[in-house]
Amino acid sequence: MRKKGIVILISVAAVLAVGALLWFTGVLGTRIGYANAAAYTAGEADIAEAVSKLDIHWISGTVRIARHGENTVLLRESAGRQPEGDLQLRWWLEDSTLHVQYGRDGARLPWRYHKDLTLTLPEGLALEETDIHVISGDLEIPDLRTDELNVKLTTGRVSVKADARSADVAATSGDITLALTGTADEVTAHTTTGDVTVTAEQVNRFSAESVTGDVRATLQSAGSTHMSSTTGSVTASLGRFDSLDVHVTTGSVTAFLPEQPGFTAGLHKVTGSVSCELPAVQQGGEYVVGDGSARVDIGVTTGNITLKALAE
């Protein structure tokens, strides 16, 4: 019995030793990698040249975009200890596109290392395109003006307020909160695990999805609107709209819709209840409200469907 215990201890020690060797030799662990590494400059910066596009790649930590009254773009990073050497951020201004990388190309990150990035823009600056990729961390943008917004996040939370013509926000694990002003041609917000909450003034094409989580959208004016959740509730509050399409496997659907000019709703459930609290005429299996001009299709496998009047 004692020999068996010794053998187990030796085996565990060997596994740990091999793991440590792989880690310190870089076989395991995160390595930074990107193209055109020689073009990048190391460290924080005050950039006076014109910037019209952002291309940010961050591995671990919070990314924030702020505003100030100066005409420069500021790059600042912070950690428990100020980053230096290979772990300093890298930046490259290619024409008017500002590329930002986490550190030196090829560098290996220490175990559980993270640092935060703050990018400060001039108060009046409107961007053509904003691309942000974060592997593990939060994204916080309280004020952004951009034609195109593209966000990809693996693990973390997204909170964005923006005036954007198009927005594509996706997370693997984490909540998405998106507030849009102005008119957007297309908006998509998708997460695998987490909630999606979107408010917008006007969107021509809108899609919001979560596999495990709730989906909520408040749109003053919408064209085609798609919302879905596998396990979670969906709440839609729409002003003027052309179409609403909702799919839920397990969870409830509540839609706040205007009585005028009207809509035709097909409501389908396997297990649960259906309720329409607006004045409606039933035609076959559909509900017709007002002139019936807009289209509503809601399908639920297990859960309740409720239509309510939009408060004026």
# chains A, B, ... in the order shown; residues from 1 in each chain; ligands from 1
call {"tool": "residues_around", "arguments": {"residues": "region 36-45 of chain A", "least_positions_apart": "3", "cutoff": "9 Å", "atoms": "only C-alpha atoms", "output": "NGL selection string"}}
result
:A and (33 or 73-77 or 83-94 or 99-101 or 103-105)
call {"tool": "residues_around", "arguments": {"residues": "Thr181 (chain A)", "least_positions_apart": "3", "cutoff": "10 Å", "atoms": "only C-alpha atoms", "output": "compact mmCIF listing (two decimals) with N, CA and C atoms, in the first residue's frame"}}
result
# COMPACT_ATOMS: atom_id res chain seq x y z
N ARG A 145 -18.74 57.23 -32.03
CA ARG A 145 -19.38 57.55 -33.30
C ARG A 145 -18.55 56.89 -34.39
N LYS A 161 -22.27 52.24 -25.99
CA LYS A 161 -23.21 53.26 -26.43
C LYS A 161 -22.60 53.92 -27.65
N ALA A 162 -23.33 53.89 -28.76
CA ALA A 162 -22.72 54.35 -30.01
C ALA A 162 -23.75 54.88 -30.97
N ASP A 163 -23.26 55.75 -31.86
CA ASP A 163 -24.00 56.16 -33.04
C ASP A 163 -23.30 55.47 -34.20
N ALA A 164 -23.93 54.42 -34.73
CA ALA A 164 -23.28 53.59 -35.75
C ALA A 164 -24.26 53.26 -36.86
N ARG A 165 -23.76 53.22 -38.08
CA ARG A 165 -24.60 52.83 -39.22
C ARG A 165 -24.77 51.33 -39.29
N ALA A 184 -29.41 52.97 -38.11
CA ALA A 184 -28.49 51.88 -38.43
C ALA A 184 -29.10 51.01 -39.52
N THR A 199 -31.03 48.64 -27.13
CA THR A 199 -31.95 49.75 -27.36
C THR A 199 -31.45 50.51 -28.58
N ALA A 200 -32.38 50.95 -29.41
CA ALA A 200 -31.98 51.65 -30.64
C ALA A 200 -33.09 52.57 -31.10
N GLU A 201 -32.69 53.62 -31.81
CA GLU A 201 -33.68 54.54 -32.35
C GLU A 201 -34.29 53.99 -33.64
N GLN A 202 -33.45 53.69 -34.63
CA GLN A 202 -33.97 53.18 -35.89
C GLN A 202 -33.00 52.15 -36.46
N VAL A 203 -33.53 50.95 -36.76
CA VAL A 203 -32.73 49.87 -37.32
C VAL A 203 -33.51 49.26 -38.48
call {"tool": "closest_residue", "arguments": {"among": "A:Val187, A:Leu127, A:Ala265, A:Ala107", "to": "Ala208 (chain A)", "atoms": "only C-alpha atoms"}}
result
A:Val187
call {"tool": "residues_around", "arguments": {"residues": "Gly223 (chain A)", "least_positions_apart": "6", "cutoff": "12 Å", "atoms": "only C-alpha atoms", "output": "ChimeraX atom specification"}}
result
/A:183-187,201-207,238-245,294-296
call {"tool": "residues_around", "arguments": {"residues": "Ile65 (chain A)", "least_positions_apart": "4", "cutoff": "9 Å", "atoms": "only C-alpha atoms", "output": "ChimeraX atom specification"}}
result
/A:117-121,139-144
call {"tool": "write_last_selection", "arguments": {"atoms": "N, CA and C atoms", "output": "PDB file, in the first residue's frame"}}
result
ATOM      1  N   LEU A 117      -6.607  48.329 -21.116  1.00  0.00           N
ATOM      2  CA  LEU A 117      -6.288  49.313 -22.144  1.00  0.00           C
ATOM      3  C   LEU A 117      -7.319  50.431 -22.110  1.00  0.00           C
ATOM      4  N   THR A 118      -6.855  51.671 -22.117  1.00  0.00           N
ATOM      5  CA  THR A 118      -7.734  52.835 -22.269  1.00  0.00           C
ATOM      6  C   THR A 118      -7.291  53.612 -23.494  1.00  0.00           C
ATOM      7  N   LEU A 119      -8.198  53.753 -24.435  1.00  0.00           N
ATOM      8  CA  LEU A 119      -7.945  54.512 -25.649  1.00  0.00           C
ATOM      9  C   LEU A 119      -8.829  55.753 -25.597  1.00  0.00           C
ATOM     10  N   THR A 120      -8.216  56.926 -25.607  1.00  0.00           N
ATOM     11  CA  THR A 120      -8.955  58.176 -25.481  1.00  0.00           C
ATOM     12  C   THR A 120      -8.961  58.910 -26.812  1.00  0.00           C
ATOM     13  N   LEU A 121     -10.164  59.233 -27.287  1.00  0.00           N
ATOM     14  CA  LEU A 121     -10.338  59.883 -28.582  1.00  0.00           C
ATOM     15  C   LEU A 121     -10.697  61.353 -28.410  1.00  0.00           C
ATOM     16  N   LEU A 139     -15.476  44.993 -22.343  1.00  0.00           N
ATOM     17  CA  LEU A 139     -15.377  46.110 -23.272  1.00  0.00           C
ATOM     18  C   LEU A 139     -16.336  47.192 -22.800  1.00  0.00           C
ATOM     19  N   GLU A 140     -15.806  48.390 -22.551  1.00  0.00           N
ATOM     20  CA  GLU A 140     -16.612  49.491 -22.042  1.00  0.00           C
ATOM     21  C   GLU A 140     -16.446  50.705 -22.954  1.00  0.00           C
ATOM     22  N   ILE A 141     -17.535  51.073 -23.640  1.00  0.00           N
ATOM     23  CA  ILE A 141     -17.515  52.221 -24.545  1.00  0.00           C
ATOM     24  C   ILE A 141     -18.741  53.082 -24.244  1.00  0.00           C
ATOM     25  N   PRO A 142     -18.565  54.192 -23.543  1.00  0.00           N
ATOM     26  CA  PRO A 142     -19.722  55.035 -23.203  1.00  0.00           C
ATOM     27  C   PRO A 142     -20.116  56.021 -24.293  1.00  0.00           C
ATOM     28  N   ASP A 143     -19.250  56.245 -25.282  1.00  0.00           N
ATOM     29  CA  ASP A 143     -19.554  57.235 -26.317  1.00  0.00           C
ATOM     30  C   ASP A 143     -18.683  56.969 -27.536  1.00  0.00           C
ATOM     31  N   LEU A 144     -19.330  56.525 -28.631  1.00  0.00           N
ATOM     32  CA  LEU A 144     -18.588  56.216 -29.845  1.00  0.00           C
ATOM     33  C   LEU A 144     -19.410  56.627 -31.048  1.00  0.00           C
TER      34      LEU A 144
END
call {"tool": "closest_residue", "arguments": {"among": "A:Arg108, A:Ala280, A:Thr254, A:Gly266", "to": "Leu307 (chain A)", "atoms": "only C-alpha atoms"}}
result
A:Thr254
call {"tool": "residues_around", "arguments": {"residues": "Ser237 (chain A)", "least_positions_apart": "2", "cutoff": "7 Å", "atoms": "only C-alpha atoms", "output": "VMD selection string"}}
result
chain A and resid 217 to 219 235 239 255 to 257
call {"tool": "write_last_selection", "arguments": {"atoms": "N, CA and C atoms", "output": "PDB file, in the first residue's frame"}}
result
ATOM      1  N   ALA A 217     -35.055  43.674 -26.509  1.00  0.00           N
ATOM      2  CA  ALA A 217     -34.813  44.726 -27.500  1.00  0.00           C
ATOM      3  C   ALA A 217     -35.904  45.778 -27.407  1.00  0.00           C
ATOM      4  N   THR A 218     -35.478  47.047 -27.373  1.00  0.00           N
ATOM      5  CA  THR A 218     -36.393  48.180 -27.412  1.00  0.00           C
ATOM      6  C   THR A 218     -35.989  49.029 -28.605  1.00  0.00           C
ATOM      7  N   LEU A 219     -36.822  48.985 -29.657  1.00  0.00           N
ATOM      8  CA  LEU A 219     -36.507  49.650 -30.912  1.00  0.00           C
ATOM      9  C   LEU A 219     -37.620  50.639 -31.234  1.00  0.00           C
ATOM     10  N   THR A 235     -38.012  39.457 -24.850  1.00  0.00           N
ATOM     11  CA  THR A 235     -38.909  40.599 -24.684  1.00  0.00           C
ATOM     12  C   THR A 235     -38.621  41.608 -25.783  1.00  0.00           C
ATOM     13  N   GLY A 239     -41.673  50.105 -31.793  1.00  0.00           N
ATOM     14  CA  GLY A 239     -42.539  51.164 -32.286  1.00  0.00           C
ATOM     15  C   GLY A 239     -43.001  50.777 -33.679  1.00  0.00           C
ATOM     16  N   ALA A 255     -44.187  40.534 -26.186  1.00  0.00           N
ATOM     17  CA  ALA A 255     -43.990  41.546 -27.215  1.00  0.00           C
ATOM     18  C   ALA A 255     -44.907  42.729 -26.952  1.00  0.00           C
ATOM     19  N   PHE A 256     -44.318  43.918 -26.831  1.00  0.00           N
ATOM     20  CA  PHE A 256     -45.063  45.160 -26.689  1.00  0.00           C
ATOM     21  C   PHE A 256     -45.110  45.810 -28.065  1.00  0.00           C
ATOM     22  N   LEU A 257     -46.323  45.893 -28.653  1.00  0.00           N
ATOM     23  CA  LEU A 257     -46.461  46.327 -30.033  1.00  0.00           C
ATOM     24  C   LEU A 257     -47.517  47.421 -30.156  1.00  0.00           C
TER      25      LEU A 257
END
call {"tool": "select_by_dssp", "arguments": {"residues": "region 25-246 of chain A", "states": "strand (DSSP E or B)", "output": "ChimeraX atom specification"}}
result
/A:31,41-42,45-47,53-60,63-68,73-78,90-94,97-101,108,116-122,127-136,139-155,158-173,176-193,196-212,215-231,234-246
call {"tool": "closest_residue", "arguments": {"among": "A:Ser228, A:Ser136, A:Thr130, A:Thr250", "to": "Thr188 (chain A)", "atoms": "only C-alpha atoms"}}
result
A:Ser228
call {"tool": "atom_distance", "arguments": {"atom1": "CA of Thr30 (chain A)", "atom2": "CA of Trp111 (chain A)"}}
result
8.6 Å
call {"tool": "residues_around", "arguments": {"residues": "region 273-279 of chain A", "least_positions_apart": "6", "cutoff": "6 Å", "atoms": "only C-alpha atoms", "output": "VMD selection string"}}
result
chain A and resid 304 to 309
call {"tool": "write_last_selection", "arguments": {"atoms": "C-alpha atoms", "output": "PDB file, in the first residue's frame"}}
result
ATOM      1  CA  ASN A 304     -45.979  31.372 -22.826  1.00  0.00           C
ATOM      2  CA  ILE A 305     -46.578  33.978 -25.535  1.00  0.00           C
ATOM      3  CA  THR A 306     -48.021  37.348 -24.587  1.00  0.00           C
ATOM      4  CA  LEU A 307     -48.803  40.319 -26.816  1.00  0.00           C
ATOM      5  CA  LYS A 308     -49.239  43.645 -25.033  1.00  0.00           C
ATOM      6  CA  ALA A 309     -50.037  47.151 -26.197  1.00  0.00           C
TER       7      ALA A 309
END
call {"tool": "closest_residue", "arguments": {"among": "A:Val248, A:Val169, A:Val288, A:Leu178", "to": "Gly262 (chain A)", "atoms": "only C-alpha atoms"}}
result
A:Val288
call {"tool": "decode", "arguments": {"residues": "region 102-212 of chain A", "atoms": "C-alpha atoms", "output": "compact mmCIF listing (two decimals), in the first residue's frame"}}
result
# COMPACT_ATOMS: atom_id res chain seq x y z
CA TYR A 102 -1.31 43.25 -26.60
CA GLY A 103 2.50 42.93 -26.64
CA ARG A 104 5.48 41.87 -28.71
CA ASP A 105 4.82 39.37 -31.47
CA GLY A 106 5.96 35.93 -30.28
CA ALA A 107 6.02 36.82 -26.58
CA ARG A 108 4.55 34.34 -24.10
CA LEU A 109 2.24 35.68 -21.42
CA PRO A 110 2.82 34.91 -17.73
CA TRP A 111 0.25 32.66 -16.11
CA ARG A 112 -3.07 34.48 -15.54
CA TYR A 113 -1.62 37.77 -16.70
CA HIS A 114 -3.99 40.60 -17.54
CA LYS A 115 -3.85 44.34 -18.11
CA ASP A 116 -6.30 47.06 -19.11
CA LEU A 117 -6.29 49.31 -22.14
CA THR A 118 -7.73 52.84 -22.27
CA LEU A 119 -7.95 54.51 -25.65
CA THR A 120 -8.95 58.18 -25.48
CA LEU A 121 -10.34 59.88 -28.58
CA PRO A 122 -10.84 63.57 -29.37
CA GLU A 123 -14.32 64.73 -28.42
CA GLY A 124 -15.57 65.35 -31.94
CA LEU A 125 -13.90 62.42 -33.72
CA ALA A 126 -16.18 60.20 -35.82
CA LEU A 127 -14.61 56.98 -37.10
CA GLU A 128 -15.18 55.11 -40.34
CA GLU A 129 -14.64 51.65 -38.83
CA THR A 130 -14.07 50.20 -35.36
CA ASP A 131 -12.90 46.60 -34.99
CA ILE A 132 -12.27 45.23 -31.49
CA HIS A 133 -11.31 41.67 -30.58
CA VAL A 134 -11.01 40.66 -26.91
CA ILE A 135 -10.26 37.12 -25.74
CA SER A 136 -10.88 37.50 -22.00
CA GLY A 137 -12.09 40.77 -20.53
CA ASP A 138 -14.74 43.46 -20.65
CA LEU A 139 -15.38 46.11 -23.27
CA GLU A 140 -16.61 49.49 -22.04
CA ILE A 141 -17.51 52.22 -24.55
CA PRO A 142 -19.72 55.03 -23.20
CA ASP A 143 -19.55 57.24 -26.32
CA LEU A 144 -18.59 56.22 -29.85
CA ARG A 145 -19.38 57.55 -33.30
CA THR A 146 -18.47 55.18 -36.11
CA ASP A 147 -19.86 54.05 -39.44
CA GLU A 148 -19.09 50.39 -38.73
CA LEU A 149 -18.74 48.66 -35.37
CA ASN A 150 -17.43 45.09 -35.19
CA VAL A 151 -16.86 43.44 -31.81
CA LYS A 152 -15.74 39.87 -31.12
CA LEU A 153 -15.34 38.78 -27.50
CA THR A 154 -14.69 35.31 -26.16
CA THR A 155 -15.27 35.72 -22.42
CA GLY A 156 -16.41 38.91 -20.74
CA ARG A 157 -19.02 41.65 -20.83
CA VAL A 158 -19.78 44.14 -23.60
CA SER A 159 -21.27 47.55 -22.80
CA VAL A 160 -21.43 49.98 -25.73
CA LYS A 161 -23.21 53.26 -26.43
CA ALA A 162 -22.72 54.35 -30.01
CA ASP A 163 -24.00 56.16 -33.04
CA ALA A 164 -23.28 53.59 -35.75
CA ARG A 165 -24.60 52.83 -39.22
CA SER A 166 -23.93 49.13 -38.67
CA ALA A 167 -23.05 47.06 -35.62
CA ASP A 168 -22.01 43.41 -35.31
CA VAL A 169 -21.38 42.35 -31.69
CA ALA A 170 -20.68 38.72 -30.78
CA ALA A 171 -19.61 37.01 -27.55
CA THR A 172 -19.03 33.37 -26.70
CA SER A 173 -19.64 33.77 -22.97
CA GLY A 174 -20.87 37.05 -21.54
CA ASP A 175 -23.62 39.67 -21.52
CA ILE A 176 -24.07 42.20 -24.31
CA THR A 177 -25.56 45.64 -23.66
CA LEU A 178 -25.84 47.83 -26.73
CA ALA A 179 -27.41 51.29 -26.93
CA LEU A 180 -27.59 52.88 -30.38
CA THR A 181 -28.63 56.33 -31.54
CA GLY A 182 -29.34 57.52 -35.05
CA THR A 183 -30.17 55.25 -37.98
CA ALA A 184 -28.49 51.88 -38.43
CA ASP A 185 -28.78 49.78 -41.57
CA GLU A 186 -28.03 46.50 -39.79
CA VAL A 187 -27.49 45.45 -36.17
CA THR A 188 -26.61 41.96 -34.92
CA ALA A 189 -25.95 40.98 -31.30
CA HIS A 190 -25.26 37.32 -30.54
CA THR A 191 -23.97 35.50 -27.47
CA THR A 192 -23.77 31.83 -26.58
CA THR A 193 -24.01 32.12 -22.79
CA GLY A 194 -25.36 35.39 -21.45
CA ASP A 195 -28.06 38.02 -21.87
CA VAL A 196 -28.51 40.43 -24.79
CA THR A 197 -30.03 43.87 -24.23
CA VAL A 198 -30.35 46.33 -27.11
CA THR A 199 -31.95 49.75 -27.36
CA ALA A 200 -31.98 51.65 -30.64
CA GLU A 201 -33.68 54.54 -32.35
CA GLN A 202 -33.97 53.18 -35.89
CA VAL A 203 -32.73 49.87 -37.32
CA ASN A 204 -33.54 48.56 -40.80
CA ARG A 205 -32.42 44.97 -40.13
CA PHE A 206 -32.06 43.64 -36.59
CA SER A 207 -31.00 40.28 -35.14
CA ALA A 208 -30.39 39.33 -31.50
CA GLU A 209 -29.74 35.80 -30.25
CA SER A 210 -28.64 33.92 -27.14
CA VAL A 211 -28.32 30.19 -26.66
CA THR A 212 -28.55 30.35 -22.87
